[in-house]
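To keep things clear, I will list the structure first and then write my remarks on it.
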Amino acid sequence: MRAHPSALEDLALHGVRVLGFPTPGRIAGRWGLDRAAVEEALLDAEARGWAQQTSFGGSSGWSLTDAGRAEGERRLARELELVGARPVVQDVHARFRPLNRRFGAACTDWQIRPDRLDPMAANDHTDGRWDERVLRTLISVERSFVALCAELAARLERFDGYGERYSAALRRVQAGERRWVDAPGQDSLHLLWIQFHEDLLATLGIERGTDG
């Protein structure tokens, strides 16, 4: 069974939510789309009150309105019914939840290293044993995460790439480039995980923070 390709207009709207304040070029690059076509789709969404372009701090990007968020979820729900993939996505989400808790705890430990005076002290990464324990968790979830991504990508083409990008970032972390754990400006492990989770939530119409 060939994976279902989402419509460009749907991906443009969905990309704003999943990627977080992206440019049209970033959305186009994520799914191999034509940049001009993505920009046109976003301008149409803006005219319908679904999206808005804003600038601050020398950067600009797109964000969704409440109406745009609802419209995006409606389109994804329609796609799920069309493909008949809702049971698959729900099953993946159920198996992702315990994996997400492990990953989330590891990322917290990467950023916070409690000491005698401050239980919320920032991790200065001088405790090698602490950091290695965190990295072992990030490594241990890779196989399961990649498998879940592959299951979804086999039905919905837009899920393709998450697993491969996680593995690529992990290889860089293991090579000593520790910024690839959680750096916000690149496809770090943490950022990819957040995007995948948001993709799942949007697809199933689940509010973040309510899925355990």
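How things are named: the first chain in the structure tokens is A, the next is B, and so on; residues count from 1 in each chain; ligands count from 1 in the order shown.
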
**OP:** Run DSSP on the backbone and give me the residues of stretch 43-165 of chain A it puts in alpha helix (DSSP H), as a PyMOL selection string.
**Re:** chain A and resi 43-47+66-83+86-111+128-140+142-153+162-165

Can those selected residues be exported to a file as an mmCIF file, in the first residue's frame so that it contains C-alpha atoms?
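Produced file part29.cif, reproduced below:
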data_model
loop_
_atom_site.group_PDB
_atom_site.id
_atom_site.type_symbol
_atom_site.label_atom_id
_atom_site.label_comp_id
_atom_site.auth_asym_id
_atom_site.auth_seq_id
_atom_site.Cartn_x
_atom_site.Cartn_y
_atom_site.Cartn_z
ATOM 1 C CA LEU A 43 -1.354 34.000 1.851
ATOM 2 C CA ASP A 44 -4.665 32.342 1.004
ATOM 3 C CA ALA A 45 -4.866 31.015 4.575
ATOM 4 C CA GLU A 46 -4.168 34.529 5.840
ATOM 5 C CA ALA A 47 -6.997 35.915 3.737
ATOM 6 C CA ASP A 66 -7.450 29.692 16.644
ATOM 7 C CA ALA A 67 -9.597 29.308 13.539
ATOM 8 C CA GLY A 68 -6.581 28.123 11.564
ATOM 9 C CA ARG A 69 -5.690 25.566 14.193
ATOM 10 C CA ALA A 70 -9.234 24.206 14.110
ATOM 11 C CA GLU A 71 -9.239 24.163 10.309
ATOM 12 C CA GLY A 72 -5.952 22.281 10.259
ATOM 13 C CA GLU A 73 -7.303 19.630 12.623
ATOM 14 C CA ARG A 74 -10.461 19.334 10.541
ATOM 15 C CA ARG A 75 -8.412 18.690 7.413
ATOM 16 C CA LEU A 76 -6.236 16.118 9.138
ATOM 17 C CA ALA A 77 -9.298 14.333 10.518
ATOM 18 C CA ARG A 78 -10.803 14.222 7.035
ATOM 19 C CA GLU A 79 -7.533 12.802 5.703
ATOM 20 C CA LEU A 80 -7.498 10.101 8.403
ATOM 21 C CA GLU A 81 -10.991 8.989 7.451
ATOM 22 C CA LEU A 82 -10.152 9.053 3.740
ATOM 23 C CA VAL A 83 -7.105 6.845 4.219
ATOM 24 C CA ARG A 86 -7.115 6.452 12.367
ATOM 25 C CA PRO A 87 -6.721 3.075 14.145
ATOM 26 C CA VAL A 88 -3.047 2.945 13.127
ATOM 27 C CA VAL A 89 -2.325 6.481 14.349
ATOM 28 C CA GLN A 90 -4.189 5.892 17.605
ATOM 29 C CA ASP A 91 -2.222 2.699 18.224
ATOM 30 C CA VAL A 92 1.088 4.456 17.520
ATOM 31 C CA HIS A 93 0.113 7.278 19.861
ATOM 32 C CA ALA A 94 -0.687 4.805 22.658
ATOM 33 C CA ARG A 95 2.730 3.192 22.289
ATOM 34 C CA PHE A 96 4.456 6.545 21.970
ATOM 35 C CA ARG A 97 3.159 7.848 25.308
ATOM 36 C CA PRO A 98 5.441 5.776 27.611
ATOM 37 C CA LEU A 99 8.344 6.419 25.242
ATOM 38 C CA ASN A 100 7.596 10.133 25.455
ATOM 39 C CA ARG A 101 7.737 10.044 29.244
ATOM 40 C CA ARG A 102 11.185 8.431 29.154
ATOM 41 C CA PHE A 103 12.458 10.914 26.593
ATOM 42 C CA GLY A 104 10.994 13.876 28.460
ATOM 43 C CA ALA A 105 12.607 12.829 31.726
ATOM 44 C CA ALA A 106 15.953 12.425 29.973
ATOM 45 C CA CYS A 107 15.737 15.900 28.422
ATOM 46 C CA THR A 108 14.888 17.393 31.808
ATOM 47 C CA ASP A 109 17.964 15.712 33.277
ATOM 48 C CA TRP A 110 20.049 17.038 30.414
ATOM 49 C CA GLN A 111 19.030 20.580 31.292
ATOM 50 C CA GLY A 128 30.165 12.936 33.041
ATOM 51 C CA ARG A 129 28.334 10.025 34.660
ATOM 52 C CA TRP A 130 25.100 12.042 34.858
ATOM 53 C CA ASP A 131 25.282 13.055 31.201
ATOM 54 C CA GLU A 132 26.196 9.561 30.030
ATOM 55 C CA ARG A 133 23.130 8.161 31.794
ATOM 56 C CA VAL A 134 20.971 10.675 29.930
ATOM 57 C CA LEU A 135 22.607 9.826 26.619
ATOM 58 C CA ARG A 136 22.008 6.114 27.172
ATOM 59 C CA THR A 137 18.274 6.861 27.400
ATOM 60 C CA LEU A 138 18.336 8.957 24.231
ATOM 61 C CA ILE A 139 20.077 6.079 22.486
ATOM 62 C CA SER A 140 17.794 3.408 23.915
ATOM 63 C CA GLU A 142 15.901 5.337 19.056
ATOM 64 C CA ARG A 143 14.864 1.918 17.795
ATOM 65 C CA SER A 144 11.306 2.152 19.096
ATOM 66 C CA PHE A 145 10.906 5.740 17.918
ATOM 67 C CA VAL A 146 12.173 4.966 14.415
ATOM 68 C CA ALA A 147 9.829 1.973 14.212
ATOM 69 C CA LEU A 148 6.808 4.077 15.196
ATOM 70 C CA CYS A 149 7.733 6.722 12.648
ATOM 71 C CA ALA A 150 8.035 4.062 9.941
ATOM 72 C CA GLU A 151 4.570 2.684 10.751
ATOM 73 C CA LEU A 152 3.030 6.108 10.306
ATOM 74 C CA ALA A 153 5.070 6.966 7.213
ATOM 75 C CA TYR A 162 11.299 11.903 11.489
ATOM 76 C CA GLY A 163 13.082 8.658 12.290
ATOM 77 C CA GLU A 164 15.961 9.257 9.902
ATOM 78 C CA ARG A 165 16.522 12.772 11.207
#

**OP:** Please indicate the distance in Å from atom CA of A:Thr54 to atom CA of A:Arg17, rounded to one decimal place.
**Re:** 14.5 Å

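Of the residues listed (A:Asp199, A:Asp34, A:Asp124, A:Asp115), A:Asp199 shows the shortest atom-to-atom separation from A:Arg158; distances use only C-alpha atoms.
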
Original post:
What is the distance, in Å and to one decimal place, between atom CA of A:Gly185 and atom CA of A:Glu40?
Top reply: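 These two atoms are separated by 25.3 Å.
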
Original post:
Which residues come within 12 Å of A:Ser60, counting only C-alpha atoms, excluding same-chain residues fewer than 3 positions away, as a list in words?
Top reply: Gly20, Phe21, Pro22, Thr23, Pro24, Gly25, Arg26, Gln52, Gln53, Thr54, Ser55, Phe56, Gly57 and Ser63 of chain A

Okay, now the selection with all heavy atoms, as a short mmCIF file (atom, residue, chain, number, x, y, z; two decimals), in the first residue's frame?
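Once written, result26.cif looks like this:
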data_model
loop_
_atom_site.label_atom_id
_atom_site.label_comp_id
_atom_site.auth_asym_id
_atom_site.auth_seq_id
_atom_site.Cartn_x
_atom_site.Cartn_y
_atom_site.Cartn_z
N GLY A 20 6.46 25.55 14.05
CA GLY A 20 6.53 26.66 14.99
C GLY A 20 7.18 27.91 14.43
O GLY A 20 8.39 28.01 14.39
N PHE A 21 6.37 28.86 13.99
CA PHE A 21 6.83 30.16 13.45
C PHE A 21 7.80 29.99 12.28
O PHE A 21 8.87 30.59 12.23
CB PHE A 21 7.48 30.98 14.56
CG PHE A 21 7.56 32.46 14.26
CD1 PHE A 21 6.41 33.20 14.07
CD2 PHE A 21 8.78 33.10 14.19
CE1 PHE A 21 6.49 34.57 13.79
CE2 PHE A 21 8.87 34.46 13.91
CZ PHE A 21 7.71 35.19 13.72
N PRO A 22 7.43 29.14 11.30
CA PRO A 22 8.34 28.89 10.18
C PRO A 22 8.19 29.91 9.05
O PRO A 22 7.19 30.63 8.97
CB PRO A 22 7.90 27.51 9.70
CG PRO A 22 6.41 27.55 9.89
CD PRO A 22 6.20 28.35 11.18
N THR A 23 9.16 29.92 8.18
CA THR A 23 9.07 30.64 6.92
C THR A 23 8.51 29.68 5.87
O THR A 23 8.54 28.46 6.07
CB THR A 23 10.45 31.11 6.46
OG1 THR A 23 11.29 29.96 6.25
CG2 THR A 23 11.10 32.03 7.50
N PRO A 24 8.01 30.19 4.74
CA PRO A 24 7.56 29.29 3.68
C PRO A 24 8.68 28.37 3.20
O PRO A 24 8.44 27.20 2.88
CB PRO A 24 7.14 30.27 2.57
CG PRO A 24 6.74 31.51 3.29
CD PRO A 24 7.71 31.61 4.44
N GLY A 25 9.92 28.89 3.19
CA GLY A 25 11.04 28.08 2.76
C GLY A 25 11.29 26.89 3.67
O GLY A 25 11.65 25.80 3.22
N ARG A 26 11.09 27.09 4.96
CA ARG A 26 11.31 26.00 5.90
C ARG A 26 10.24 24.92 5.74
O ARG A 26 10.54 23.72 5.80
CB ARG A 26 11.30 26.54 7.33
CG ARG A 26 11.75 25.50 8.36
CD ARG A 26 11.87 26.11 9.73
NE ARG A 26 12.11 25.11 10.75
CZ ARG A 26 11.69 25.18 11.99
NH1 ARG A 26 10.99 26.24 12.38
NH2 ARG A 26 11.94 24.22 12.86
N GLN A 52 -1.28 34.03 10.13
CA GLN A 52 -0.80 35.41 10.08
C GLN A 52 0.73 35.42 10.08
O GLN A 52 1.37 34.57 10.71
CB GLN A 52 -1.34 36.21 11.26
CG GLN A 52 -1.03 35.61 12.62
CD GLN A 52 -1.77 36.31 13.74
OE1 GLN A 52 -2.60 37.18 13.49
NE2 GLN A 52 -1.48 35.94 14.97
N GLN A 53 1.27 36.38 9.38
CA GLN A 53 2.72 36.54 9.33
C GLN A 53 3.11 37.70 10.23
O GLN A 53 2.52 38.78 10.16
CB GLN A 53 3.18 36.81 7.90
CG GLN A 53 4.69 36.89 7.74
CD GLN A 53 5.10 37.11 6.29
OE1 GLN A 53 4.30 37.60 5.48
NE2 GLN A 53 6.31 36.74 5.95
N THR A 54 4.07 37.47 11.09
CA THR A 54 4.52 38.51 12.02
C THR A 54 6.04 38.55 12.04
O THR A 54 6.72 37.61 11.62
CB THR A 54 4.00 38.26 13.45
OG1 THR A 54 4.38 36.93 13.85
CG2 THR A 54 2.49 38.39 13.51
N SER A 55 6.57 39.66 12.55
CA SER A 55 8.01 39.83 12.65
C SER A 55 8.36 40.37 14.02
O SER A 55 7.64 41.22 14.57
CB SER A 55 8.52 40.80 11.57
OG SER A 55 8.23 40.33 10.28
N PHE A 56 9.45 39.88 14.58
CA PHE A 56 9.99 40.46 15.80
C PHE A 56 11.43 39.98 15.96
O PHE A 56 11.80 38.90 15.50
CB PHE A 56 9.16 40.09 17.03
CG PHE A 56 9.14 38.62 17.37
CD1 PHE A 56 10.10 38.09 18.21
CD2 PHE A 56 8.18 37.78 16.85
CE1 PHE A 56 10.09 36.74 18.54
CE2 PHE A 56 8.15 36.44 17.16
CZ PHE A 56 9.11 35.91 18.01
N GLY A 57 12.23 40.81 16.59
CA GLY A 57 13.62 40.46 16.83
C GLY A 57 14.42 40.23 15.57
O GLY A 57 15.37 39.44 15.57
N SER A 63 2.24 32.02 11.93
CA SER A 63 1.60 31.36 13.06
C SER A 63 0.13 31.18 12.72
O SER A 63 -0.41 31.85 11.83
CB SER A 63 1.75 32.17 14.34
OG SER A 63 1.21 33.47 14.19
#

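Closest approach to A:Gly161 among A:Leu192, A:Leu33, A:Leu13, A:Val181: A:Leu192, based on only C-alpha atoms.
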
Subject >> DSSP-assigned strand (DSSP E or B) members of stretch 11-184 of chain A, reported as a count of residues only >> reply: 15

Subject >> Two-atom distance - atom CA of A:Ala41, atom CA of A:Glu157 (Å) >> reply: 19.4 Å

Subject >> Near-A:Ala122 list (8 Å; only C-alpha atoms; drop same-chain fewer than 3 positions) as a ChimeraX atom specification >> reply: /A:111-114

Go ahead and save the residues from that selection, with all heavy atoms, as a CSV table (one decimal), in the first residue's frame.
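Output (again.csv):
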chain,number,residue,atom,x,y,z
A,111,GLN,N,19.1,19.1,31.1
A,111,GLN,CA,19.0,20.6,31.3
A,111,GLN,C,19.2,20.9,32.8
A,111,GLN,O,19.6,22.0,33.1
A,111,GLN,CB,17.7,21.2,30.7
A,111,GLN,CG,17.6,21.0,29.2
A,111,GLN,CD,16.2,21.3,28.7
A,111,GLN,OE1,15.2,21.3,29.4
A,111,GLN,NE2,16.1,21.5,27.4
A,112,ILE,N,18.8,20.0,33.7
A,112,ILE,CA,18.8,20.3,35.1
A,112,ILE,C,19.6,19.2,35.8
A,112,ILE,O,19.4,18.0,35.6
A,112,ILE,CB,17.4,20.3,35.7
A,112,ILE,CG1,16.6,21.5,35.0
A,112,ILE,CG2,17.4,20.5,37.2
A,112,ILE,CD1,15.1,21.5,35.4
A,113,ARG,N,20.5,19.7,36.7
A,113,ARG,CA,21.3,18.8,37.6
A,113,ARG,C,21.2,19.3,39.0
A,113,ARG,O,21.9,20.2,39.4
A,113,ARG,CB,22.8,18.8,37.1
A,113,ARG,CG,23.7,18.0,38.0
A,113,ARG,CD,23.4,16.5,37.9
A,113,ARG,NE,24.5,15.7,38.6
A,113,ARG,CZ,24.5,15.4,39.8
A,113,ARG,NH1,23.4,15.8,40.6
A,113,ARG,NH2,25.4,14.7,40.3
A,114,PRO,N,20.2,18.7,39.8
A,114,PRO,CA,20.0,19.2,41.2
A,114,PRO,C,21.3,19.1,42.0
A,114,PRO,O,22.1,18.1,41.8
A,114,PRO,CB,18.9,18.3,41.7
A,114,PRO,CG,18.2,17.7,40.4
A,114,PRO,CD,19.3,17.6,39.4

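Shortest atom-to-atom contact with A:Val18 among A:Arg178, A:Arg208, A:His4, A:His197: A:His197, counting only C-alpha atoms.
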